[in-house]
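Chemist: Have a look at this one before I ask anything.
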Amino acid sequence: MKKILIVEDEKSIRNIMSETLSKNFEVLKAPDGQIGIKMALEHKPEIILLDLLMPKMGGQEMLSMLRKNKWGKTVPVVVLTNQDDIESIAFAHEEKLTDYIIKSNVTLDDLVAKVRTAVLSAV
């Protein structure tokens, strides 16, 4: 079963995404970028779902650290956030994202479909 890492500080969102995606994937969860980067480098998931605004270490900092690692340079990352400002979107795309999804604009079914597509295209 393919592994997904969800890095999201809002527990309710993290849990509902985990519950939905666990039907098709092994799901790992982290409440912030600090724990997320450790889990990513240790478990090497096939895809990472990453929020941008989090305590301790935000998604942008985690993504920058991840892209400095040999494995992390190529792992698919989907940013899942409510940040729709130009600066956040521009930064994220500089880091070679698989997708940038605005949370309020996506259903759980859409999210599962996007994750499946991203995992399949990464193989």
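Residue numbering restarts at 1 in every chain; chains get A, B, ... in the order shown in the structure tokens, and ligands count up from 1 in that same order.
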So that I can check the surroundings of A:Ala40, please list as a ChimeraX atom specification every protein, DNA and RNA residue that reaches within 10 Å of it, counting only C-alpha atoms and ignoring chain neighbours fewer than 2 positions away.

Modeler: /A:4-7,28-30,33,35-38,42-48,62,66,71-72,75

Chemist: For A:Asp32, work out the shell of residues within 8 Å, counting only C-alpha atoms and skipping chain neighbours fewer than 5 positions away, then give it as a short mmCIF file (atom, residue, chain, number, x, y, z; two decimals) with N, CA and C atoms, in the first residue's frame.

Modeler:
```cif
data_model
loop_
_atom_site.label_atom_id
_atom_site.label_comp_id
_atom_site.auth_asym_id
_atom_site.auth_seq_id
_atom_site.Cartn_x
_atom_site.Cartn_y
_atom_site.Cartn_z
N VAL A 7 0.62 16.66 6.52
CA VAL A 7 1.21 17.61 7.46
C VAL A 7 0.22 18.77 7.58
N GLU A 8 -0.53 18.77 8.66
CA GLU A 8 -1.65 19.71 8.85
C GLU A 8 -1.82 19.97 10.33
N ASP A 9 -1.86 21.23 10.74
CA ASP A 9 -1.97 21.55 12.16
C ASP A 9 -3.39 21.45 12.71
N MET A 54 1.43 26.77 9.82
CA MET A 54 1.43 25.85 10.95
C MET A 54 2.37 26.39 12.02
N PRO A 55 2.17 25.96 13.28
CA PRO A 55 3.09 26.37 14.35
C PRO A 55 4.42 25.63 14.23
N LYS A 56 5.40 26.09 14.97
CA LYS A 56 6.75 25.52 15.05
C LYS A 56 7.50 25.65 13.74
N MET A 57 7.03 25.01 12.68
CA MET A 57 7.64 25.15 11.36
C MET A 57 6.53 25.11 10.33
N GLY A 58 6.43 26.15 9.53
CA GLY A 58 5.40 26.22 8.50
C GLY A 58 5.74 25.37 7.29
N GLY A 59 4.78 25.26 6.41
CA GLY A 59 4.93 24.43 5.22
C GLY A 59 6.00 24.92 4.26
#
```

Chemist: At what distance in Å, to one decimal, does atom CA of A:Val27 lie from atom CA of A:Arg116?

Modeler: 13.2 Å

Chemist: Mind checking which residues fall within 12 Å of A:Glu19, counting only C-alpha atoms, ignoring those fewer than 4 positions away in the same chain, and posting them as a compact mmCIF listing (two decimals) with C-alpha atoms, in the first residue's frame?

Modeler:
```txt
# COMPACT_ATOMS: atom_id res chain seq x y z
CA ILE A 6 -0.43 14.58 5.83
CA LYS A 11 -6.57 18.19 14.02
CA SER A 12 -10.10 17.89 12.61
CA ILE A 13 -8.91 18.47 9.03
CA ARG A 14 -5.95 16.12 9.51
CA ASN A 15 -8.22 13.39 10.87
CA LYS A 23 -9.25 3.54 2.47
CA ASN A 24 -6.71 3.58 -0.36
CA PHE A 25 -3.37 4.47 1.23
CA GLU A 26 -1.26 4.00 4.35
CA VAL A 27 -1.56 7.40 6.04
CA LEU A 28 1.05 9.06 8.23
CA LYS A 29 0.16 12.29 10.06
CA LEU A 108 -12.87 15.14 -0.14
CA VAL A 112 -8.76 11.61 -3.14
```

Chemist: Residues at most 7 Å from stretch 78-90 of chain A, counting only C-alpha atoms, excluding those fewer than 2 positions away in the same chain, as a PyMOL selection string?

Modeler: chain A and resi 48-52+76+92-94+97-104

Chemist: From the DSSP assignment of the backbone, select every residue of stretch 27-105 of chain A that is helix (DSSP H, G or I), and format the answer as a PyMOL selection string.

Modeler: chain A and resi 33-43+59-67+86-94+103-105

Chemist: Step one, run DSSP on the backbone; step two, keep only residues of stretch 18-96 of chain A assigned to strand (DSSP E); then write them as a list in words.

Modeler: Glu26, Val27, Leu28, Lys29, Ala30, Ile47, Ile48, Leu49, Leu50, Val77, Val78, Val79, Leu80 and Thr81 of chain A

Chemist: Between atom CA of A:Leu63 and atom CA of A:Met1, measure the distance and give it in Å to one decimal.

Modeler: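 So the two atoms, atom CA of A:Leu63 and atom CA of A:Met1, lie 24.2 Å apart.
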
Chemist: One decimal, in Å: what's the spacing between atom CA of A:Val119 and atom CA of A:Ile16?

Modeler: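 Taking atom CA of A:Val119 and atom CA of A:Ile16, their separation equals 19.6 Å.
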
Chemist: Kindly indicate which residue among A:Thr117, A:Thr107, A:Met39, A:Phe91 lies nearest to A:Ser64, using only C-alpha atoms for the distances.

Modeler: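 Closest to A:Ser64 of all the choices is A:Phe91.
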
Chemist: Rank nothing, just name the residue among A:Leu21, A:Arg67, A:Pro31, A:Val77 nearest to A:Ala118, using only C-alpha atoms.

Modeler: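 Counting only C-alpha atoms, the residue closest to A:Ala118 is A:Val77.
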